[in-house]
Amino acid sequence: MIIAPKIRGFICLTAHPEGCAQNVLNQINYVKSKGPIDGPKKVLVIGASTGFGLSSRITSAFGSNASTIGVYFEKPPAPGKTASAGWYNTAAFEAQAHEAGLYAKSINGDAFSKEIKEKTLELIKADLGQIDLVIYSLASPKRVHPVTGVVHNSVLKPIGEVYTNKTVDFHTGIVSDISIQPAGGDDIENTIAVMGGEDWAMWIDELKAANLLAPGATTVAYSYIGPTLTEAVYRKGTIGRAKDHLEATAFEIAEKLKDINGKAYVSVNKALVTQASSAIPVIPLYISLLYKIMKAEGIHEGCIEQIQRLFKDRLYTGAEVLTDDKGRIRVDDLEMRDDVQAQIATLWSEATTESLPAIGDLAGYKKDFLNLFGFDVAGVDYDADVNEMVEISGLV
Ligand code: NAD
Ligand code: NA
């Protein structure tokens, strides 16, 4: 079929298999171009099909020749209906990994569930024995609690008072004010239940109890901080509470891993266009200004540049892992540079529908958004008939 983007708000209902495959290949080539990393050998990535998780899997495999198991929740294709992007990404990754002689298998299902955890543990037991790195990179709007059966929905709301600020509709380029009502009811608890650290700790507890963590094993989950500008809706909002919980969980996990000399970290990453972040109000305007400045300064990074740097310059340097005063790894250092943030603060006050195309990188935002789904990728023929029924070779 010939596949075009079908955009509805913050998502695209179609994905292009060839474009997704090209994106994956570009990431693989980037990692290879940066040379080998003396990194992990057997890796589990939870949330492995898109965004930071996919880049973590690619960096493990093609930077350190690691065997990888990926867990994700993606929609398979049906005749005449495309799969979700993460499906095609994984198909491309596994084809490349297998061609390179690397072990790569995956499990598609709800990582929050008992069943998917058990299935993953069985696979590790049968194929890999013990793993030495667990990346936790889930971004989900909801979680069915595996013990209580309660469905928790995460929300992106300020806490305490109404928050009003500028935002941009990145499809139309229209800059407007939006007001977001503060969290009410169980919003905070629910968001913590979905995006906090409970599920990460459950994974590690179960892996450890089954003796599937190698001595010295490391686990890393991803967090975000961002500037004062977005604080009310992000770091001091409901999602920020979940990130506080995630960061606190790292210390609890680290404590539990002491007897095997294991380590648990949160890495604070840069703001990037992903399926998760485009749904957060205000953030798209911030990102379009950030991209413009970081590109002009020559310090812009995407997911793969971030994760390659995380592995090479933070996790696997052969020395102690560098962390901030709260024990967090920081690869958002370039985003948070004083000069970068000062420029954004100035541009923020100037941003209007009329000025944004010049002062912000709206075009870069849109391109990255389309790229998430395999569209607008250089070298891909979008007029060609492509097979939507792509299989994932290592799917268990
Ligand atoms: P993403 O949407 O690209 O990836 C989410 C992954 O989780 C996908 O592989 C998806 O299949 C998987 N997933 C979702 N629900 C699942 C479920 N129930 N079971 C199994 N898999 C499931 O998101 P991302 O932006 O890469 O986010 C990953 C982490 O990085 C999040 O913790 C996010 O907060 C954090 N982070 C994101 C940014 C950013 O700007 N995007 C910045 C810093 C940190
Ligand atoms: Na991810």
# chains A, B, ... in the order shown; residues from 1 in each chain; ligands from 1
>>> residues_near_ligand(ligand="ligand 2", cutoff="8 Å", atoms="only C-alpha atoms and all ligand atoms", output="list in words")
Ile46, Gly47, Ala48, Ser49, Thr50, Gly51, Phe52, Gly53, Leu54, Ser55, Ser137, Leu138 and Ala139 of chain A
>>> write_last_selection(atoms="all heavy atoms", output="PDB file, in the first residue's frame")
ATOM      1  N   ILE A  46      13.002  -2.178  28.835  1.00  0.00           N
ATOM      2  CA  ILE A  46      11.551  -2.142  29.033  1.00  0.00           C
ATOM      3  C   ILE A  46      11.064  -0.801  28.469  1.00  0.00           C
ATOM      4  O   ILE A  46      11.436   0.265  28.979  1.00  0.00           O
ATOM      5  CB  ILE A  46      11.215  -2.288  30.535  1.00  0.00           C
ATOM      6  CG1 ILE A  46      11.808  -3.599  31.072  1.00  0.00           C
ATOM      7  CG2 ILE A  46       9.705  -2.241  30.768  1.00  0.00           C
ATOM      8  CD1 ILE A  46      12.042  -3.609  32.576  1.00  0.00           C
ATOM      9  N   GLY A  47      10.304  -0.859  27.374  1.00  0.00           N
ATOM     10  CA  GLY A  47       9.948   0.356  26.623  1.00  0.00           C
ATOM     11  C   GLY A  47      10.942   0.541  25.494  1.00  0.00           C
ATOM     12  O   GLY A  47      11.495   1.617  25.300  1.00  0.00           O
ATOM     13  N   ALA A  48      11.170  -0.547  24.720  1.00  0.00           N
ATOM     14  CA  ALA A  48      12.310  -0.623  23.796  1.00  0.00           C
ATOM     15  C   ALA A  48      12.016  -0.200  22.370  1.00  0.00           C
ATOM     16  O   ALA A  48      12.914  -0.218  21.537  1.00  0.00           O
ATOM     17  CB  ALA A  48      12.830  -2.071  23.775  1.00  0.00           C
ATOM     18  N   SER A  49      10.784   0.168  22.062  1.00  0.00           N
ATOM     19  CA  SER A  49      10.414   0.288  20.649  1.00  0.00           C
ATOM     20  C   SER A  49      10.482   1.694  20.062  1.00  0.00           C
ATOM     21  O   SER A  49      10.474   1.839  18.836  1.00  0.00           O
ATOM     22  CB  SER A  49       8.999  -0.267  20.453  1.00  0.00           C
ATOM     23  OG  SER A  49       8.103   0.357  21.357  1.00  0.00           O
ATOM     24  N   THR A  50      10.500   2.707  20.894  1.00  0.00           N
ATOM     25  CA  THR A  50      10.552   4.095  20.407  1.00  0.00           C
ATOM     26  C   THR A  50      11.392   4.936  21.377  1.00  0.00           C
ATOM     27  O   THR A  50      11.759   4.471  22.460  1.00  0.00           O
ATOM     28  CB  THR A  50       9.139   4.733  20.316  1.00  0.00           C
ATOM     29  OG1 THR A  50       8.530   4.696  21.604  1.00  0.00           O
ATOM     30  CG2 THR A  50       8.237   4.018  19.322  1.00  0.00           C
ATOM     31  N   GLY A  51      11.646   6.176  21.003  1.00  0.00           N
ATOM     32  CA  GLY A  51      12.243   7.153  21.909  1.00  0.00           C
ATOM     33  C   GLY A  51      13.562   6.721  22.540  1.00  0.00           C
ATOM     34  O   GLY A  51      14.412   6.100  21.879  1.00  0.00           O
ATOM     35  N   PHE A  52      13.720   7.064  23.811  1.00  0.00           N
ATOM     36  CA  PHE A  52      14.972   6.782  24.521  1.00  0.00           C
ATOM     37  C   PHE A  52      15.223   5.286  24.700  1.00  0.00           C
ATOM     38  O   PHE A  52      16.373   4.845  24.740  1.00  0.00           O
ATOM     39  CB  PHE A  52      14.970   7.472  25.887  1.00  0.00           C
ATOM     40  CG  PHE A  52      15.155   8.958  25.814  1.00  0.00           C
ATOM     41  CD1 PHE A  52      14.119   9.826  26.127  1.00  0.00           C
ATOM     42  CD2 PHE A  52      16.367   9.493  25.414  1.00  0.00           C
ATOM     43  CE1 PHE A  52      14.292  11.199  26.052  1.00  0.00           C
ATOM     44  CE2 PHE A  52      16.562  10.879  25.335  1.00  0.00           C
ATOM     45  CZ  PHE A  52      15.511  11.728  25.659  1.00  0.00           C
ATOM     46  N   GLY A  53      14.164   4.513  24.826  1.00  0.00           N
ATOM     47  CA  GLY A  53      14.322   3.069  25.015  1.00  0.00           C
ATOM     48  C   GLY A  53      14.895   2.404  23.770  1.00  0.00           C
ATOM     49  O   GLY A  53      15.808   1.578  23.852  1.00  0.00           O
ATOM     50  N   LEU A  54      14.358   2.773  22.600  1.00  0.00           N
ATOM     51  CA  LEU A  54      14.881   2.233  21.337  1.00  0.00           C
ATOM     52  C   LEU A  54      16.356   2.607  21.181  1.00  0.00           C
ATOM     53  O   LEU A  54      17.194   1.766  20.824  1.00  0.00           O
ATOM     54  CB  LEU A  54      14.060   2.776  20.160  1.00  0.00           C
ATOM     55  CG  LEU A  54      14.578   2.447  18.764  1.00  0.00           C
ATOM     56  CD1 LEU A  54      14.542   0.949  18.483  1.00  0.00           C
ATOM     57  CD2 LEU A  54      13.775   3.204  17.692  1.00  0.00           C
ATOM     58  N   SER A  55      16.690   3.855  21.473  1.00  0.00           N
ATOM     59  CA  SER A  55      18.088   4.284  21.349  1.00  0.00           C
ATOM     60  C   SER A  55      18.983   3.542  22.335  1.00  0.00           C
ATOM     61  O   SER A  55      20.154   3.279  22.046  1.00  0.00           O
ATOM     62  CB  SER A  55      18.191   5.793  21.560  1.00  0.00           C
ATOM     63  OG  SER A  55      17.492   6.472  20.544  1.00  0.00           O
ATOM     64  N   SER A 137      12.262   2.399  30.418  1.00  0.00           N
ATOM     65  CA  SER A 137      11.946   3.587  29.615  1.00  0.00           C
ATOM     66  C   SER A 137      10.485   3.596  29.172  1.00  0.00           C
ATOM     67  O   SER A 137      10.168   3.920  28.030  1.00  0.00           O
ATOM     68  CB  SER A 137      12.877   3.642  28.396  1.00  0.00           C
ATOM     69  OG  SER A 137      12.710   4.848  27.690  1.00  0.00           O
ATOM     70  N   LEU A 138       9.601   3.277  30.105  1.00  0.00           N
ATOM     71  CA  LEU A 138       8.175   3.292  29.758  1.00  0.00           C
ATOM     72  C   LEU A 138       7.625   4.720  29.807  1.00  0.00           C
ATOM     73  O   LEU A 138       7.980   5.499  30.684  1.00  0.00           O
ATOM     74  CB  LEU A 138       7.360   2.455  30.746  1.00  0.00           C
ATOM     75  CG  LEU A 138       7.542   0.947  30.744  1.00  0.00           C
ATOM     76  CD1 LEU A 138       6.543   0.317  31.712  1.00  0.00           C
ATOM     77  CD2 LEU A 138       7.368   0.363  29.355  1.00  0.00           C
ATOM     78  N   ALA A 139       6.749   5.024  28.869  1.00  0.00           N
ATOM     79  CA  ALA A 139       5.946   6.251  28.942  1.00  0.00           C
ATOM     80  C   ALA A 139       4.546   5.825  28.562  1.00  0.00           C
ATOM     81  O   ALA A 139       4.323   5.367  27.445  1.00  0.00           O
ATOM     82  CB  ALA A 139       6.480   7.309  27.991  1.00  0.00           C
TER      83      ALA A 139
END
>>> closest_atom_pairs(of="stretch 61-177 of chain A", to="stretch 305-311 of chain A", cutoff="12 Å", atoms="only C-alpha atoms", output="Markdown table")
| residue | atom | partner | partner_atom | distance |
| --- | --- | --- | --- | --- |
| A:Ala61 | CA | A:Gln308 | CA | 11.3 |
| A:Phe62 | CA | A:Gln308 | CA | 10.2 |
| A:Gly63 | CA | A:Gln308 | CA | 8.0 |
| A:Ser64 | CA | A:Phe311 | CA | 9.6 |
| A:Leu133 | CA | A:Phe311 | CA | 11.2 |
| A:Ile135 | CA | A:Ile307 | CA | 11.1 |
| A:Ser137 | CA | A:Ile307 | CA | 11.8 |
>>> write_last_selection(atoms="C-alpha atoms", output="compact mmCIF listing (two decimals), in the first residue's frame")
# COMPACT_ATOMS: atom_id res chain seq x y z
CA ALA A 61 23.66 -3.78 20.53
CA PHE A 62 25.71 -1.75 18.09
CA GLY A 63 27.96 0.06 20.55
CA SER A 64 28.76 -2.90 22.82
CA LEU A 133 21.79 -3.92 32.36
CA ILE A 135 16.83 0.02 31.06
CA SER A 137 11.95 3.59 29.61
>>> select_by_dssp(residues="stretch 168-385 of chain A", states="alpha helix (DSSP H)", output="ChimeraX atom specification")
/A:187-195,198-209,228-231,238-256,283-296,303-309,338-350,356-359,362-372
>>> residues_around(residues="stretch 175-191 of chain A", least_positions_apart="4", cutoff="6 Å", atoms="only C-alpha atoms", output="ChimeraX atom specification")
/A:152-155,157-168,195,238,352-353
>>> residues_around(residues="A:Thr68", least_positions_apart="2", cutoff="8 Å", atoms="only C-alpha atoms", output="PDB file with N, CA and C atoms, in the first residue's frame")
ATOM      1  N   LYS A  42      24.515  -8.216  28.226  1.00  0.00           N
ATOM      2  CA  LYS A  42      23.171  -8.798  28.128  1.00  0.00           C
ATOM      3  C   LYS A  42      22.186  -7.801  28.728  1.00  0.00           C
ATOM      4  N   VAL A  43      21.290  -7.315  27.881  1.00  0.00           N
ATOM      5  CA  VAL A  43      20.502  -6.145  28.261  1.00  0.00           C
ATOM      6  C   VAL A  43      18.997  -6.393  28.108  1.00  0.00           C
ATOM      7  N   LEU A  44      18.249  -5.954  29.107  1.00  0.00           N
ATOM      8  CA  LEU A  44      16.788  -5.930  29.012  1.00  0.00           C
ATOM      9  C   LEU A  44      16.353  -4.472  28.917  1.00  0.00           C
ATOM     10  N   VAL A  45      15.599  -4.133  27.867  1.00  0.00           N
ATOM     11  CA  VAL A  45      15.068  -2.781  27.738  1.00  0.00           C
ATOM     12  C   VAL A  45      13.541  -2.849  27.832  1.00  0.00           C
ATOM     13  N   ARG A  57      18.496   0.458  23.288  1.00  0.00           N
ATOM     14  CA  ARG A  57      18.689  -0.880  22.738  1.00  0.00           C
ATOM     15  C   ARG A  57      19.707  -0.854  21.600  1.00  0.00           C
ATOM     16  N   SER A  60      23.226  -0.357  23.017  1.00  0.00           N
ATOM     17  CA  SER A  60      23.712  -1.596  23.640  1.00  0.00           C
ATOM     18  C   SER A  60      24.197  -2.582  22.574  1.00  0.00           C
ATOM     19  N   ALA A  61      23.357  -2.766  21.547  1.00  0.00           N
ATOM     20  CA  ALA A  61      23.659  -3.781  20.533  1.00  0.00           C
ATOM     21  C   ALA A  61      24.818  -3.350  19.639  1.00  0.00           C
ATOM     22  N   ALA A  66      25.944  -6.104  22.495  1.00  0.00           N
ATOM     23  CA  ALA A  66      25.149  -6.777  23.521  1.00  0.00           C
ATOM     24  C   ALA A  66      23.999  -7.586  22.933  1.00  0.00           C
ATOM     25  N   GLY A  70      13.863  -6.842  24.208  1.00  0.00           N
ATOM     26  CA  GLY A  70      13.063  -5.624  24.274  1.00  0.00           C
ATOM     27  C   GLY A  70      11.622  -5.950  24.633  1.00  0.00           C
ATOM     28  N   TYR A 103      22.228 -11.528  19.254  1.00  0.00           N
ATOM     29  CA  TYR A 103      20.968 -12.037  19.820  1.00  0.00           C
ATOM     30  C   TYR A 103      20.022 -10.865  20.044  1.00  0.00           C
ATOM     31  N   ALA A 104      18.769 -10.986  19.570  1.00  0.00           N
ATOM     32  CA  ALA A 104      17.760  -9.955  19.830  1.00  0.00           C
ATOM     33  C   ALA A 104      16.384 -10.596  19.773  1.00  0.00           C
ATOM     34  N   LYS A 105      15.673 -10.535  20.876  1.00  0.00           N
ATOM     35  CA  LYS A 105      14.297 -11.039  20.894  1.00  0.00           C
ATOM     36  C   LYS A 105      13.406 -10.013  21.581  1.00  0.00           C
TER      37      LYS A 105
END
>>> residues_around(residues="A:Gln275", least_positions_apart="4", cutoff="10 Å", atoms="only C-alpha atoms", output="PyMOL selection string")
chain A and resi 10-12+50-51+139-140+279-280+369+372-373
>>> closest_residue(among="A:Ser33, A:Thr120, A:Asn211, A:Ser349", to="A:Leu229", atoms="only C-alpha atoms")
A:Ser349
>>> atom_distance(atom1="atom CA of A:Lys208", atom2="atom CA of A:Lys263")
12.6 Å
>>> closest_residue(among="A:Val194, A:Ala97, A:Leu257, A:Ala91", to="A:Gly216", atoms="only C-alpha atoms")
A:Leu257
>>> select_by_dssp(residues="stretch 159-381 of chain A", states="strand (DSSP E)", output="PyMOL selection string")
chain A and resi 163-169+174-180+213-223+263-268+329-330
>>> closest_residue(among="A:Ile253, A:Ser277, A:Asp333, A:Gly364", to="A:Leu289", atoms="only C-alpha atoms")
A:Gly364
>>> residues_around(residues="A:Glu252", least_positions_apart="6", cutoff="10 Å", atoms="only C-alpha atoms", output="ChimeraX atom specification")
/A:197,201,246,264
>>> write_last_selection(atoms="all heavy atoms", output="CSV table (one decimal), in the first residue's frame")
chain,number,residue,atom,x,y,z
A,197,GLY,N,7.9,5.0,40.4
A,197,GLY,CA,8.9,3.9,40.4
A,197,GLY,C,8.4,2.6,40.8
A,197,GLY,O,9.2,1.6,40.8
A,201,ALA,N,10.5,-1.0,40.3
A,201,ALA,CA,11.0,-1.8,41.5
A,201,ALA,C,10.4,-3.2,41.4
A,201,ALA,O,11.1,-4.2,41.7
A,201,ALA,CB,10.5,-1.1,42.8
A,246,LEU,N,10.0,8.3,41.1
A,246,LEU,CA,10.9,7.5,40.3
A,246,LEU,C,12.4,7.6,40.8
A,246,LEU,O,13.1,6.7,41.0
A,246,LEU,CB,10.8,7.8,38.8
A,246,LEU,CG,11.7,7.0,37.9
A,246,LEU,CD1,10.9,5.7,37.5
A,246,LEU,CD2,11.9,7.8,36.5
A,264,ALA,N,21.7,1.3,40.7
A,264,ALA,CA,20.5,1.8,40.2
A,264,ALA,C,20.6,3.4,40.0
A,264,ALA,O,20.9,4.0,41.0
A,264,ALA,CB,19.3,1.5,41.0
>>> closest_residue(among="A:Ile2, A:Ala276, A:Ile204, A:Leu121", to="ligand 1", atoms="only C-alpha atoms and all ligand atoms")
A:Ala276
>>> atom_distance(atom1="atom CA of A:Gly379", atom2="atom CA of A:Lys367")
14.3 Å
>>> closest_residue(among="A:Lys6, A:Arg143, A:Lys295, A:Lys114", to="ligand 1", atoms="only C-alpha atoms and all ligand atoms")
A:Arg143
>>> decode(residues="stretch 136-161 of chain A", atoms="N, CA, C and O atoms", output="compact mmCIF listing (two decimals), in the first residue's frame")
# COMPACT_ATOMS: atom_id res chain seq x y z
N TYR A 136 14.85 1.05 32.01
CA TYR A 136 13.42 1.21 32.22
C TYR A 136 12.98 2.51 31.55
O TYR A 136 13.29 3.60 32.03
N SER A 137 12.26 2.40 30.42
CA SER A 137 11.95 3.59 29.61
C SER A 137 10.48 3.60 29.17
O SER A 137 10.17 3.92 28.03
N LEU A 138 9.60 3.28 30.11
CA LEU A 138 8.18 3.29 29.76
C LEU A 138 7.63 4.72 29.81
O LEU A 138 7.98 5.50 30.68
N ALA A 139 6.75 5.02 28.87
CA ALA A 139 5.95 6.25 28.94
C ALA A 139 4.55 5.83 28.56
O ALA A 139 4.32 5.37 27.44
N SER A 140 3.64 5.89 29.50
CA SER A 140 2.30 5.37 29.26
C SER A 140 1.25 6.27 29.90
O SER A 140 1.49 6.85 30.96
N PRO A 141 0.10 6.40 29.26
CA PRO A 141 -0.96 7.20 29.87
C PRO A 141 -1.73 6.44 30.96
O PRO A 141 -2.44 7.04 31.74
N LYS A 142 -1.59 5.10 31.00
CA LYS A 142 -2.33 4.38 32.03
C LYS A 142 -1.64 3.11 32.48
O LYS A 142 -0.75 2.58 31.79
N ARG A 143 -2.04 2.63 33.64
CA ARG A 143 -1.49 1.38 34.16
C ARG A 143 -2.60 0.62 34.88
O ARG A 143 -3.25 1.17 35.77
N VAL A 144 -2.76 -0.61 34.49
CA VAL A 144 -3.65 -1.49 35.25
C VAL A 144 -2.77 -2.10 36.35
O VAL A 144 -1.78 -2.78 36.05
N HIS A 145 -3.11 -1.82 37.60
CA HIS A 145 -2.25 -2.30 38.68
C HIS A 145 -2.31 -3.82 38.77
O HIS A 145 -3.40 -4.40 38.83
N PRO A 146 -1.14 -4.47 38.77
CA PRO A 146 -1.13 -5.94 38.70
C PRO A 146 -1.67 -6.62 39.97
O PRO A 146 -2.06 -7.78 39.91
N VAL A 147 -1.68 -5.91 41.08
CA VAL A 147 -2.15 -6.53 42.33
C VAL A 147 -3.62 -6.17 42.60
O VAL A 147 -4.45 -7.03 42.86
N THR A 148 -3.96 -4.88 42.47
CA THR A 148 -5.32 -4.44 42.81
C THR A 148 -6.28 -4.48 41.62
O THR A 148 -7.50 -4.46 41.82
N GLY A 149 -5.75 -4.48 40.40
CA GLY A 149 -6.60 -4.43 39.21
C GLY A 149 -7.14 -3.04 38.92
O GLY A 149 -7.83 -2.83 37.92
N VAL A 150 -6.81 -2.07 39.77
CA VAL A 150 -7.28 -0.69 39.57
C VAL A 150 -6.60 -0.09 38.32
O VAL A 150 -5.40 -0.30 38.10
N VAL A 151 -7.37 0.64 37.52
CA VAL A 151 -6.81 1.32 36.35
C VAL A 151 -6.42 2.74 36.75
O VAL A 151 -7.28 3.54 37.15
N HIS A 152 -5.14 3.05 36.68
CA HIS A 152 -4.67 4.40 37.01
C HIS A 152 -4.39 5.16 35.72
O HIS A 152 -3.73 4.64 34.83
N ASN A 153 -4.90 6.39 35.63
CA ASN A 153 -4.61 7.24 34.47
C ASN A 153 -3.70 8.38 34.90
O ASN A 153 -3.95 9.03 35.91
N SER A 154 -2.64 8.60 34.12
CA SER A 154 -1.73 9.69 34.47
C SER A 154 -2.22 10.97 33.78
O SER A 154 -2.79 10.92 32.70
N VAL A 155 -2.05 12.10 34.46
CA VAL A 155 -2.48 13.37 33.90
C VAL A 155 -1.32 14.36 33.93
O VAL A 155 -0.37 14.21 34.70
N LEU A 156 -1.40 15.39 33.07
CA LEU A 156 -0.37 16.42 33.01
C LEU A 156 -0.99 17.71 33.49
O LEU A 156 -1.51 18.50 32.71
N LYS A 157 -1.01 17.90 34.81
CA LYS A 157 -1.67 19.08 35.37
C LYS A 157 -0.78 19.77 36.39
O LYS A 157 0.05 19.11 37.04
N PRO A 158 -0.98 21.09 36.55
CA PRO A 158 -0.28 21.78 37.63
C PRO A 158 -0.90 21.37 38.97
O PRO A 158 -1.95 20.75 39.00
N ILE A 159 -0.20 21.70 40.04
CA ILE A 159 -0.72 21.37 41.37
C ILE A 159 -1.00 22.67 42.12
O ILE A 159 -0.15 23.57 42.15
N GLY A 160 -2.19 22.77 42.72
CA GLY A 160 -2.50 23.92 43.57
C GLY A 160 -3.25 25.03 42.89
O GLY A 160 -4.26 25.50 43.37
N GLU A 161 -2.75 25.50 41.74
CA GLU A 161 -3.47 26.59 41.08
C GLU A 161 -3.49 26.44 39.57
O GLU A 161 -2.71 25.68 39.00
